[in-house]
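Undergrad: I am sharing my_file19.tsv, which consists of TSV, C-alpha atoms:
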```tsv
chain	number	residue	atom	x	y	z
A	1	MET	CA	-52.91	-40.19	-22.32
A	2	ASN	CA	-54.16	-42.88	-19.96
A	3	ASP	CA	-54.36	-42.82	-16.22
A	4	PRO	CA	-51.51	-44.97	-14.77
A	5	ASN	CA	-53.79	-46.48	-12.15
A	6	LYS	CA	-55.77	-48.14	-14.94
A	7	ILE	CA	-52.73	-50.26	-15.79
A	8	ASP	CA	-52.66	-53.77	-14.37
A	9	PRO	CA	-49.53	-53.80	-12.15
A	10	ALA	CA	-48.78	-57.40	-13.12
A	11	ILE	CA	-48.77	-56.47	-16.81
A	12	LEU	CA	-46.54	-53.47	-16.21
A	13	LYS	CA	-44.20	-55.53	-14.05
A	14	ALA	CA	-43.88	-58.20	-16.73
A	15	TRP	CA	-43.37	-55.59	-19.43
A	16	MET	CA	-40.59	-53.88	-17.50
A	17	ALA	CA	-38.88	-57.18	-16.71
A	18	ASN	CA	-39.02	-58.22	-20.37
A	19	TYR	CA	-37.82	-54.81	-21.50
A	20	ILE	CA	-34.84	-54.71	-19.15
A	21	CYS	CA	-33.87	-58.32	-19.87
A	22	GLY	CA	-34.12	-57.62	-23.60
A	23	VAL	CA	-32.07	-54.45	-23.47
A	24	LEU	CA	-29.40	-55.78	-21.15
A	25	GLY	CA	-29.35	-59.34	-22.45
A	26	LEU	CA	-30.31	-60.86	-19.10
A	27	ASP	CA	-31.86	-64.25	-18.43
A	28	ARG	CA	-35.53	-63.61	-17.70
A	29	ALA	CA	-35.83	-66.79	-15.65
A	30	ALA	CA	-33.12	-65.64	-13.26
A	31	PHE	CA	-34.32	-62.06	-13.09
A	32	SER	CA	-35.87	-60.68	-9.91
A	33	THR	CA	-38.24	-57.73	-10.05
A	34	ALA	CA	-37.33	-56.95	-6.45
A	35	ASP	CA	-33.73	-56.06	-7.31
A	36	ARG	CA	-32.66	-52.45	-7.72
A	37	PHE	CA	-32.32	-51.17	-11.27
A	38	ASP	CA	-28.66	-50.33	-10.77
A	39	THR	CA	-27.85	-53.92	-9.79
A	40	TYR	CA	-28.80	-55.01	-13.32
A	41	GLY	CA	-26.54	-52.37	-14.82
A	42	LEU	CA	-29.40	-50.20	-16.08
A	43	ASP	CA	-27.90	-46.72	-16.18
A	44	SER	CA	-29.66	-43.37	-16.03
A	45	VAL	CA	-29.64	-42.87	-19.80
A	46	GLU	CA	-31.24	-46.25	-20.35
A	47	ALA	CA	-33.79	-45.50	-17.63
A	48	VAL	CA	-34.84	-42.33	-19.45
A	49	ILE	CA	-35.11	-44.24	-22.71
A	50	MET	CA	-37.26	-46.85	-20.94
A	51	ALA	CA	-39.54	-44.06	-19.75
A	52	GLY	CA	-40.05	-42.92	-23.33
A	53	VAL	CA	-40.74	-46.45	-24.56
A	54	MET	CA	-43.15	-47.00	-21.68
A	55	GLU	CA	-45.00	-43.83	-22.64
A	56	GLU	CA	-45.42	-45.12	-26.17
A	57	GLU	CA	-46.45	-48.58	-25.01
A	58	PHE	CA	-48.95	-47.64	-22.31
A	59	GLN	CA	-49.89	-44.10	-23.39
A	60	VAL	CA	-49.07	-42.69	-19.98
A	61	ILE	CA	-46.72	-39.95	-18.87
A	62	VAL	CA	-43.67	-41.34	-17.10
A	63	ASP	CA	-41.40	-39.09	-15.08
A	64	PRO	CA	-37.98	-40.81	-15.23
A	65	HIS	CA	-37.15	-39.46	-11.76
A	66	ARG	CA	-39.58	-42.04	-10.43
A	67	PHE	CA	-37.13	-44.78	-11.34
A	68	PHE	CA	-34.69	-43.25	-8.89
A	69	ASP	CA	-37.26	-42.64	-6.16
A	70	THR	CA	-38.64	-46.17	-6.46
A	71	PRO	CA	-35.59	-48.05	-7.73
A	72	SER	CA	-36.93	-51.53	-8.43
A	73	ILE	CA	-39.65	-52.86	-10.69
A	74	ASP	CA	-41.72	-53.96	-7.68
A	75	GLU	CA	-41.50	-50.58	-5.99
A	76	PHE	CA	-42.05	-48.61	-9.16
A	77	THR	CA	-45.11	-50.52	-10.33
A	78	ALA	CA	-46.69	-50.39	-6.88
A	79	VAL	CA	-46.38	-46.62	-6.66
A	80	PHE	CA	-46.97	-45.82	-10.33
A	81	THR	CA	-50.21	-47.76	-10.60
A	82	ALA	CA	-51.56	-46.79	-7.17
A	83	PRO	CA	-54.72	-44.67	-7.24
A	84	ALA	CA	-53.97	-40.98	-6.84
A	85	VAL	CA	-54.67	-39.75	-3.33
B	86	MET	CA	-9.21	-38.29	-53.39
B	87	LEU	CA	-7.87	-37.12	-50.04
B	88	PRO	CA	-7.11	-39.60	-47.27
B	89	LEU	CA	-9.38	-37.85	-44.77
B	90	SER	CA	-12.35	-35.46	-44.54
B	91	LEU	CA	-13.87	-34.00	-41.42
B	92	ILE	CA	-17.40	-32.61	-41.42
B	93	VAL	CA	-18.12	-30.17	-38.63
B	94	ILE	CA	-21.66	-28.91	-38.07
B	95	VAL	CA	-22.13	-25.59	-36.29
B	96	PHE	CA	-25.06	-23.56	-35.08
B	97	GLU	CA	-24.50	-20.43	-33.00
B	98	MET	CA	-20.99	-21.50	-31.96
B	99	GLY	CA	-19.04	-18.27	-32.34
B	100	ARG	CA	-17.22	-18.95	-29.08
B	101	GLU	CA	-16.69	-22.68	-29.49
B	102	LEU	CA	-15.83	-23.17	-33.18
B	103	PRO	CA	-12.43	-21.41	-33.10
B	104	ARG	CA	-11.21	-23.82	-30.41
B	105	THR	CA	-12.68	-26.81	-32.22
B	106	LEU	CA	-10.97	-25.91	-35.48
B	107	LEU	CA	-7.71	-25.12	-33.73
B	108	SER	CA	-7.88	-28.59	-32.18
B	109	LEU	CA	-8.33	-30.07	-35.65
B	110	SER	CA	-5.62	-28.00	-37.29
B	111	PRO	CA	-2.43	-29.57	-38.72
B	112	PRO	CA	0.07	-28.43	-36.05
B	113	TYR	CA	-2.17	-29.47	-33.14
B	114	GLN	CA	-2.92	-32.84	-34.71
B	115	ASP	CA	0.58	-33.25	-36.15
B	116	PHE	CA	-1.13	-34.24	-39.38
B	117	ASP	CA	-0.06	-33.27	-42.89
B	118	PRO	CA	-2.34	-30.45	-44.08
B	119	GLY	CA	-2.29	-31.91	-47.57
B	120	ASP	CA	-3.83	-35.14	-46.30
B	121	TYR	CA	-7.15	-33.83	-45.06
B	122	GLU	CA	-9.87	-31.27	-45.38
B	123	ILE	CA	-12.30	-29.81	-42.89
B	124	VAL	CA	-15.78	-29.03	-44.19
B	125	VAL	CA	-17.63	-26.73	-41.81
B	126	ILE	CA	-21.36	-26.47	-42.45
B	127	ASP	CA	-23.17	-23.67	-40.67
B	128	ASN	CA	-26.74	-24.72	-40.02
B	129	GLY	CA	-28.41	-21.34	-39.84
B	130	SER	CA	-26.51	-19.27	-37.25
B	131	ARG	CA	-27.56	-15.60	-37.04
B	132	ALA	CA	-23.90	-14.69	-37.56
B	133	PRO	CA	-22.64	-17.58	-39.70
B	134	ALA	CA	-19.11	-18.88	-39.42
B	135	ARG	CA	-16.78	-17.26	-41.97
B	136	GLN	CA	-13.92	-18.93	-43.81
B	137	GLN	CA	-11.59	-15.93	-43.47
B	138	ASP	CA	-11.72	-16.18	-39.67
B	139	PHE	CA	-9.79	-19.45	-39.84
B	140	ALA	CA	-7.20	-18.67	-42.50
B	141	HIS	CA	-4.48	-18.44	-39.84
B	142	LEU	CA	-4.87	-22.14	-39.05
B	143	LYS	CA	-3.21	-23.05	-42.36
B	144	ALA	CA	-5.67	-25.87	-42.76
B	145	ASN	CA	-7.69	-26.98	-45.76
B	146	ILE	CA	-10.96	-25.59	-44.42
B	147	ARG	CA	-14.14	-24.88	-46.34
B	148	VAL	CA	-16.84	-22.99	-44.46
B	149	LEU	CA	-20.26	-23.29	-46.05
B	150	SER	CA	-23.86	-22.54	-45.17
B	151	CYS	CA	-26.36	-25.36	-45.29
B	152	SER	CA	-28.56	-24.99	-48.36
B	153	THR	CA	-31.70	-26.06	-46.49
B	154	ARG	CA	-33.18	-24.70	-43.28
B	155	SER	CA	-33.89	-27.10	-40.47
B	156	PRO	CA	-33.43	-27.10	-36.71
B	157	SER	CA	-32.01	-30.59	-37.17
B	158	PRO	CA	-28.34	-30.89	-38.20
B	159	VAL	CA	-29.01	-34.03	-40.21
B	160	ALA	CA	-29.46	-32.41	-43.64
B	161	ALA	CA	-26.34	-30.34	-43.02
B	162	ILE	CA	-24.36	-33.50	-42.25
B	163	ASN	CA	-25.60	-35.17	-45.40
B	164	GLU	CA	-24.70	-32.09	-47.41
B	165	GLY	CA	-21.23	-32.28	-45.91
B	166	LEU	CA	-21.00	-35.96	-46.78
B	167	SER	CA	-21.92	-35.19	-50.38
B	168	LEU	CA	-19.13	-32.60	-50.57
B	169	ALA	CA	-16.43	-34.53	-48.73
B	170	ARG	CA	-13.52	-35.76	-50.86
B	171	GLY	CA	-11.83	-38.02	-48.32
B	172	SER	CA	-11.68	-41.80	-48.45
B	173	LEU	CA	-12.20	-41.77	-44.66
B	174	ILE	CA	-14.77	-39.32	-43.29
B	175	GLY	CA	-15.29	-38.22	-39.70
B	176	VAL	CA	-18.50	-36.47	-38.73
B	177	TRP	CA	-18.74	-33.93	-35.90
B	178	ILE	CA	-22.48	-33.54	-35.37
B	179	ASP	CA	-21.64	-30.92	-32.75
B	180	GLY	CA	-19.01	-28.34	-33.66
B	181	ALA	CA	-18.55	-27.44	-30.01
B	182	ARG	CA	-16.33	-30.49	-29.51
B	183	MET	CA	-12.59	-30.05	-29.32
B	184	ALA	CA	-10.32	-32.97	-30.11
B	185	SER	CA	-7.35	-34.46	-28.34
B	186	PRO	CA	-4.12	-34.07	-30.31
B	187	GLY	CA	-3.75	-37.58	-31.69
B	188	LEU	CA	-7.33	-38.19	-32.65
B	189	LEU	CA	-6.97	-37.88	-36.40
B	190	ARG	CA	-3.86	-40.05	-36.55
B	191	ALA	CA	-5.49	-42.71	-34.33
B	192	CYS	CA	-8.59	-42.85	-36.49
B	193	ALA	CA	-6.57	-43.02	-39.69
B	194	GLN	CA	-4.46	-45.85	-38.27
B	195	ALA	CA	-7.50	-47.68	-36.93
B	196	ALA	CA	-9.13	-47.43	-40.36
B	197	ALA	CA	-6.26	-49.43	-41.82
B	198	LEU	CA	-6.99	-52.36	-39.51
B	199	HIS	CA	-10.15	-53.58	-41.23
B	200	PRO	CA	-11.78	-53.21	-44.64
B	201	ARG	CA	-15.10	-52.08	-43.16
B	202	PRO	CA	-14.29	-50.23	-39.96
B	203	VAL	CA	-16.74	-48.23	-37.84
B	204	ILE	CA	-14.46	-46.05	-35.75
B	205	ALA	CA	-15.97	-44.59	-32.61
B	206	THR	CA	-14.17	-42.01	-30.50
B	207	PRO	CA	-15.28	-41.46	-26.90
B	208	ASN	CA	-17.17	-38.35	-25.82
B	209	TYR	CA	-16.10	-36.20	-22.89
B	210	GLN	CA	-17.58	-33.00	-21.49
B	211	LEU	CA	-15.39	-30.25	-20.13
B	212	GLY	CA	-15.89	-29.55	-16.45
B	213	PRO	CA	-16.22	-31.41	-13.16
B	214	ASP	CA	-19.35	-33.34	-14.15
B	215	LEU	CA	-21.63	-33.89	-17.10
B	216	GLN	CA	-22.62	-30.39	-18.09
B	217	ARG	CA	-26.34	-30.97	-17.61
B	218	ILE	CA	-25.45	-31.48	-13.93
B	219	SER	CA	-22.54	-29.07	-13.44
B	220	SER	CA	-24.46	-26.20	-15.07
B	221	ALA	CA	-26.92	-26.35	-12.17
B	222	GLN	CA	-23.96	-25.87	-9.82
B	223	GLY	CA	-22.65	-22.80	-11.58
B	224	TYR	CA	-20.50	-24.23	-14.33
B	225	ASP	CA	-20.70	-21.86	-17.28
B	226	GLN	CA	-18.68	-20.53	-20.19
B	227	ALA	CA	-16.59	-18.24	-17.97
B	228	GLU	CA	-15.65	-21.13	-15.69
B	229	GLU	CA	-14.85	-23.23	-18.73
B	230	ASP	CA	-12.61	-20.51	-20.16
B	231	ALA	CA	-10.77	-20.38	-16.84
B	232	LEU	CA	-10.48	-24.17	-16.76
B	233	LEU	CA	-8.92	-24.24	-20.23
B	234	ALA	CA	-6.56	-21.43	-19.23
B	235	SER	CA	-5.58	-23.40	-16.13
B	236	ILE	CA	-4.15	-26.22	-18.25
B	237	GLY	CA	-2.55	-23.83	-20.68
B	238	TRP	CA	-4.60	-25.20	-23.57
B	239	PRO	CA	-3.66	-25.65	-26.38
B	240	ARG	CA	-0.04	-26.20	-25.29
B	241	ASP	CA	-0.63	-29.82	-24.22
B	242	GLY	CA	-3.94	-30.96	-25.61
B	243	TYR	CA	-3.89	-34.22	-23.66
B	244	ARG	CA	-4.43	-32.23	-20.49
B	245	LEU	CA	-8.04	-31.89	-21.66
B	246	PHE	CA	-8.51	-35.27	-20.00
B	247	ASP	CA	-7.56	-33.66	-16.66
B	248	ILE	CA	-10.48	-31.22	-16.79
B	249	ALA	CA	-13.20	-33.33	-18.37
B	250	THR	CA	-15.83	-35.93	-17.52
B	251	PRO	CA	-16.41	-39.04	-19.66
B	252	GLU	CA	-19.88	-39.53	-21.06
B	253	ILE	CA	-19.53	-43.29	-20.98
B	254	ARG	CA	-20.32	-44.15	-17.38
B	255	GLY	CA	-19.35	-47.80	-17.31
B	256	GLY	CA	-15.65	-47.30	-17.98
B	257	PRO	CA	-14.00	-46.73	-21.36
B	258	PHE	CA	-15.49	-49.87	-22.87
B	259	GLY	CA	-18.95	-49.49	-21.36
B	260	ALA	CA	-22.21	-49.08	-23.24
B	261	MET	CA	-21.84	-46.34	-25.84
B	262	LEU	CA	-24.91	-44.41	-26.92
B	263	GLU	CA	-23.13	-42.30	-29.50
B	264	SER	CA	-19.81	-41.03	-30.76
B	265	ASN	CA	-19.53	-37.39	-31.66
B	266	ALA	CA	-16.60	-37.97	-33.96
B	267	LEU	CA	-17.61	-41.03	-35.92
B	268	PHE	CA	-15.31	-42.17	-38.73
B	269	LEU	CA	-16.34	-44.41	-41.61
B	270	PRO	CA	-14.85	-44.99	-45.04
B	271	ARG	CA	-16.63	-43.13	-47.84
B	272	ALA	CA	-18.09	-46.40	-49.16
B	273	LEU	CA	-19.68	-47.21	-45.80
B	274	TRP	CA	-21.21	-43.74	-45.49
B	275	ASP	CA	-22.70	-44.29	-48.96
B	276	GLU	CA	-23.96	-47.74	-48.03
B	277	LEU	CA	-25.51	-46.30	-44.87
B	278	GLY	CA	-27.18	-43.49	-46.79
B	279	GLY	CA	-25.69	-40.95	-44.39
B	280	TYR	CA	-27.77	-39.71	-41.49
B	281	ASP	CA	-31.50	-40.39	-41.57
B	282	GLU	CA	-33.36	-37.18	-42.35
B	283	ALA	CA	-36.44	-38.52	-40.57
B	284	PHE	CA	-34.81	-37.12	-37.42
B	285	GLN	CA	-36.06	-33.58	-37.76
B	286	GLU	CA	-36.07	-32.50	-34.11
B	287	PRO	CA	-33.84	-29.63	-32.98
B	288	GLY	CA	-30.37	-31.07	-32.46
B	289	GLY	CA	-31.36	-34.13	-34.47
B	290	GLY	CA	-32.80	-36.05	-31.54
B	291	VAL	CA	-31.11	-39.42	-31.52
B	292	ALA	CA	-29.94	-39.29	-35.13
B	293	ASN	CA	-26.36	-39.73	-33.96
B	294	PRO	CA	-26.99	-42.86	-31.84
B	295	ASP	CA	-29.13	-44.17	-34.70
B	296	THR	CA	-26.26	-43.71	-37.14
B	297	LEU	CA	-23.83	-45.58	-34.90
B	298	LEU	CA	-26.32	-48.43	-34.43
B	299	ARG	CA	-27.00	-48.70	-38.16
B	300	ALA	CA	-23.31	-48.56	-38.97
B	301	VAL	CA	-22.35	-51.40	-36.64
B	302	ALA	CA	-25.31	-53.40	-37.98
B	303	LEU	CA	-24.06	-53.22	-41.57
B	304	PRO	CA	-22.78	-56.62	-42.70
B	305	ASP	CA	-19.16	-57.47	-41.97
B	306	THR	CA	-18.35	-54.16	-40.31
B	307	GLN	CA	-15.97	-54.00	-37.35
B	308	LEU	CA	-16.50	-51.57	-34.50
B	309	ILE	CA	-13.18	-50.09	-33.43
B	310	ARG	CA	-13.14	-47.98	-30.28
B	311	ILE	CA	-10.38	-45.44	-29.92
B	312	PHE	CA	-8.71	-45.41	-26.53
B	313	GLY	CA	-6.51	-42.54	-25.39
B	314	GLU	CA	-8.19	-39.88	-27.53
B	315	GLY	CA	-11.56	-38.17	-27.40
B	316	THR	CA	-13.70	-35.17	-28.13
B	317	PHE	CA	-14.45	-32.61	-25.44
B	318	HIS	CA	-17.70	-30.70	-25.35
B	319	GLN	CA	-17.66	-26.99	-24.62
B	320	ILE	CA	-20.76	-25.74	-22.87
B	321	HIS	CA	-22.95	-23.72	-25.21
B	322	GLY	CA	-26.57	-24.33	-24.33
B	323	GLY	CA	-26.95	-27.46	-26.45
B	324	LEU	CA	-30.11	-29.47	-25.98
B	325	SER	CA	-28.62	-32.46	-24.24
B	326	THR	CA	-26.06	-30.66	-22.10
B	327	SER	CA	-27.66	-27.44	-20.84
B	328	THR	CA	-29.81	-28.58	-17.90
B	329	GLN	CA	-30.70	-31.92	-16.38
B	330	GLU	CA	-34.44	-31.47	-16.91
B	331	ARG	CA	-34.00	-30.39	-20.52
B	332	ALA	CA	-31.66	-33.28	-21.23
B	333	ILE	CA	-34.04	-35.82	-19.70
B	334	GLN	CA	-37.02	-34.44	-21.59
B	335	MET	CA	-35.11	-34.35	-24.86
B	336	LEU	CA	-33.88	-37.93	-24.52
B	337	LYS	CA	-37.28	-39.23	-23.48
B	338	GLU	CA	-39.01	-37.61	-26.44
B	339	ALA	CA	-36.24	-38.72	-28.78
B	340	SER	CA	-36.52	-42.31	-27.58
B	341	ARG	CA	-40.23	-42.23	-28.45
B	342	THR	CA	-39.44	-40.91	-31.91
B	343	TYR	CA	-36.84	-43.63	-32.35
B	344	LEU	CA	-39.33	-46.33	-31.35
B	345	ARG	CA	-41.88	-45.01	-33.84
B	346	LEU	CA	-39.30	-44.83	-36.63
B	347	ARG	CA	-37.45	-48.07	-36.02
B	348	GLY	CA	-40.10	-50.21	-34.29
B	349	LYS	CA	-37.69	-51.13	-31.50
B	350	PRO	CA	-36.26	-49.37	-28.46
B	351	LEU	CA	-33.12	-47.33	-28.68
B	352	VAL	CA	-30.23	-49.17	-27.05
B	353	PRO	CA	-26.60	-48.23	-26.59
B	354	VAL	CA	-23.90	-50.22	-28.34
B	355	ARG	CA	-22.70	-52.70	-25.74
B	356	ALA	CA	-20.20	-54.56	-27.91
B	357	ARG	CA	-16.67	-53.66	-26.98
B	358	GLY	CA	-15.46	-54.27	-30.52
B	359	TRP	CA	-11.78	-53.86	-31.20
B	360	VAL	CA	-9.91	-51.30	-29.16
B	361	TYR	CA	-7.18	-49.21	-30.73
B	362	ASP	CA	-4.90	-47.70	-28.09
B	363	SER	CA	-3.46	-44.51	-29.53
B	364	ARG	CA	-0.74	-44.37	-26.89
B	365	THR	CA	0.80	-47.71	-27.84
B	366	GLY	CA	-0.53	-48.27	-31.34
B	367	MET	CA	-1.74	-51.67	-30.15
B	368	VAL	CA	-5.09	-53.13	-31.07
B	369	THR	CA	-7.04	-55.48	-28.81
B	370	ARG	CA	-9.34	-57.72	-30.83
```
Is it possible to give me this structure as structure tokens?

TA:
Amino acid sequence: MNDPNKIDPAILKAWMANYICGVLGLDRAAFSTADRFDTYGLDSVEAVIMAGVMEEEFQVIVDPHRFFDTPSIDEFTAVFTAPAV
Amino acid sequence: MLPLSLIVIVFEMGRELPRTLLSLSPPYQDFDPGDYEIVVIDNGSRAPARQQDFAHLKANIRVLSCSTRSPSPVAAINEGLSLARGSLIGVWIDGARMASPGLLRACAQAAALHPRPVIATPNYQLGPDLQRISSAQGYDQAEEDALLASIGWPRDGYRLFDIATPEIRGGPFGAMLESNALFLPRALWDELGGYDEAFQEPGGGVANPDTLLRAVALPDTQLIRIFGEGTFHQIHGGLSTSTQERAIQMLKEASRTYLRLRGKPLVPVRARGWVYDSRTGMVTR
């Protein structure tokens, strides 16, 4: 498994935006990464599935609870890729 | 050929199976016993289900043991599919699910609406919340027994709705990950190849969502959601309903397996499809 802070936040942000738009059928051009996950209609089951897909894609461990603690793409990527203190 | 077969998979469900089979029995369903069979496949319980225990139900029940050993129910389902004699077949991947009283009739009537129907019934869980959540707050088998007694079950089976929580969170026509009583004509099950035995995890992982997704993706099929009926999960320590942490871990791992097998992320079925309202007999297309 990789260290999350080795992931480029911009790449992760784009991946999550593309993933969510793909799954929910949203217009990527009108999509804001600052919006809360629940405003898109991403439910908790889909958030857990996204965590699994993200693990496969980036070879990192993703705790799905983090999506609830940091409930937007911007917040999540900032915290997830921050160097461990 | 019979009009209808039900395949019910059980594993260590000595408490739950009697209620499930009672809920599928002819008087409860008001369904002619000569028109359907119930094939129960025990998938390796220490004390396997026995046919003689259900003779009083006066139903056409066969209780069998799965011929292969696997923690996944998928092979057991496929064995059931190979044995089923009905032209319409409903699969209960989880034998801990009781049915509402008009479920069989609604599915049979919905099947007549289209030549290639995929009939999905909604999942509910008994108790005040999804069981992976309520179990952390003390909900257990004893509380569930008391809850069922409080509505006088099985006197009015529709009162199950009063003591249950829907699994679909976005309303009755919201995104549906799976249906635990999924009905397809025999020919469609054959075309689908049954359940995919690549799903070998305990509980089958996401074999059930995968089956629903593959079924609705078959050419010219029509998803028909049943409204006004459902299946109701009894708490029994199943993988996706026992604790929140276990359920999250199971789904996360299963979504990785799905991605590796299918090359795309697992997604719920968002299409509303047709809706068959069992209370009115009306269909919304």

Undergrad: Based on only C-alpha atoms, which of the residues in chain A come within 7 Å of chain B? I want them as a ChimeraX atom specification.

TA: /A:23,48-49,51-53,56

Undergrad: What's the 12 Å shell around Ala30 in chain A, counting only C-alpha atoms, without same-chain residues fewer than 2 positions away, as a list of chain:residue names?

TA: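 The residues satisfying every condition are A:Ala17, A:Asn18, A:Cys21, A:Gly25, A:Leu26, A:Asp27, A:Arg28, A:Ser32, A:Thr33, A:Ala34, A:Asp35, A:Tyr40.
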
Undergrad: List the residues sitting within 10 Å of (-23.4, -53.1, -40.7) in the file's frame, using all atoms listed in the file, as a list in words.

TA: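 Residues satisfying the cut-off, written out: Arg201, Pro202, Val203, Leu273, Glu276, Leu277, Leu297, Leu298, Arg299, Ala300, Val301, Ala302, Leu303, Pro304, Asp305, Thr306, Gln307 and Leu308 of chain B.
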
Undergrad: To box range 30-47 of chain A, take all atoms listed in the file, fit an axis-aligned box, add 4 Å on each side, and give centre and edge lengths in Å to one decimal, as JSON.

TA:
```
{"center_x": -32.4, "center_y": -54.3, "center_z": -13.4, "size_x": 19.7, "size_y": 30.8, "size_z": 21.9}
```

Undergrad: Counting all atoms listed in the file, which of B:Ile320, B:Trp359, B:Phe246, B:Ile92 gets nearest to Ile218 in chain B?

TA: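 The closest residue to Ile218 in chain B is B:Ile320.
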
Undergrad: May I ask for the distance between CA of Ala161 in chain B and CA of Asp225 in chain B, given in Å to one decimal place?

TA: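 Going from CA of Ala161 in chain B over to CA of Asp225 in chain B covers 27.7 Å.
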
Undergrad: Identify which of the residues B:Arg240, B:Trp177, B:Ala283, B:Ile162 lies closest to Pro112 in chain B, counting only C-alpha atoms when measuring atom-to-atom distances.

TA: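 Result for the nearest residue to Pro112 in chain B: B:Arg240.
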
Undergrad: Out of B:Val93, B:Leu102, B:Ala134, B:Ile126, which residue has the shortest atom-to-atom distance to Val176 in chain B when counting all atoms listed in the file?

TA: B:Val93

Undergrad: For Gln226 in chain B, which residue out of B:Leu109, B:Arg190, B:Ala356, B:His318 is the nearest one, using all atoms listed in the file?

TA: B:His318

Undergrad: Given all atoms listed in the file as the basis, pick out the residue of B:Leu188, B:Ala272, B:Ile146, B:Ala266 nearest to Arg364 in chain B.

TA: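 When distances to Arg364 in chain B are compared using all atoms listed in the file, the smallest one comes from B:Leu188.
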
Undergrad: When you draw a straight line from CA of Leu106 in chain B to CA of Gln319 in chain B, how long is it in Å?

TA: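 Atom-to-atom, CA of Leu106 in chain B to CA of Gln319 in chain B, that is 12.8 Å.
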
Undergrad: So what do you get for CA of Phe116 in chain B versus CA of Val368 in chain B, distance-wise?

TA: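 A separation of 21.0 Å between them.
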
Undergrad: Show me, as a list in words, the residues that have an atom within 10 Å of Asp8 in chain A when counting all atoms listed in the file, minus same-chain residues fewer than 5 positions from it.

TA: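 After dropping sequence-adjacent residues, the list is Lys13, Thr77 and Thr81 of chain A.
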
Undergrad: What would the list of residues within 10 Å of (-27.2, -41.6, -34.6) (file frame) look like as a PyMOL selection string, if only C-alpha atoms are what count?

TA: chain B and resi 159+178+262-265+267+279-281+284+289-300

Undergrad: Given the selection you just returned, output its residues as a file containing C-alpha atoms, formatted as a PDB file, keeping the file's coordinate frame.

TA:
```pdb
ATOM      1  CA  VAL B 159     -29.010 -34.030 -40.210  1.00  0.00           C
ATOM      2  CA  ILE B 178     -22.480 -33.540 -35.370  1.00  0.00           C
ATOM      3  CA  LEU B 262     -24.910 -44.410 -26.920  1.00  0.00           C
ATOM      4  CA  GLU B 263     -23.130 -42.300 -29.500  1.00  0.00           C
ATOM      5  CA  SER B 264     -19.810 -41.030 -30.760  1.00  0.00           C
ATOM      6  CA  ASN B 265     -19.530 -37.390 -31.660  1.00  0.00           C
ATOM      7  CA  LEU B 267     -17.610 -41.030 -35.920  1.00  0.00           C
ATOM      8  CA  GLY B 279     -25.690 -40.950 -44.390  1.00  0.00           C
ATOM      9  CA  TYR B 280     -27.770 -39.710 -41.490  1.00  0.00           C
ATOM     10  CA  ASP B 281     -31.500 -40.390 -41.570  1.00  0.00           C
ATOM     11  CA  PHE B 284     -34.810 -37.120 -37.420  1.00  0.00           C
ATOM     12  CA  GLY B 289     -31.360 -34.130 -34.470  1.00  0.00           C
ATOM     13  CA  GLY B 290     -32.800 -36.050 -31.540  1.00  0.00           C
ATOM     14  CA  VAL B 291     -31.110 -39.420 -31.520  1.00  0.00           C
ATOM     15  CA  ALA B 292     -29.940 -39.290 -35.130  1.00  0.00           C
ATOM     16  CA  ASN B 293     -26.360 -39.730 -33.960  1.00  0.00           C
ATOM     17  CA  PRO B 294     -26.990 -42.860 -31.840  1.00  0.00           C
ATOM     18  CA  ASP B 295     -29.130 -44.170 -34.700  1.00  0.00           C
ATOM     19  CA  THR B 296     -26.260 -43.710 -37.140  1.00  0.00           C
ATOM     20  CA  LEU B 297     -23.830 -45.580 -34.900  1.00  0.00           C
ATOM     21  CA  LEU B 298     -26.320 -48.430 -34.430  1.00  0.00           C
ATOM     22  CA  ARG B 299     -27.000 -48.700 -38.160  1.00  0.00           C
ATOM     23  CA  ALA B 300     -23.310 -48.560 -38.970  1.00  0.00           C
TER      24      ALA B 300
END
```
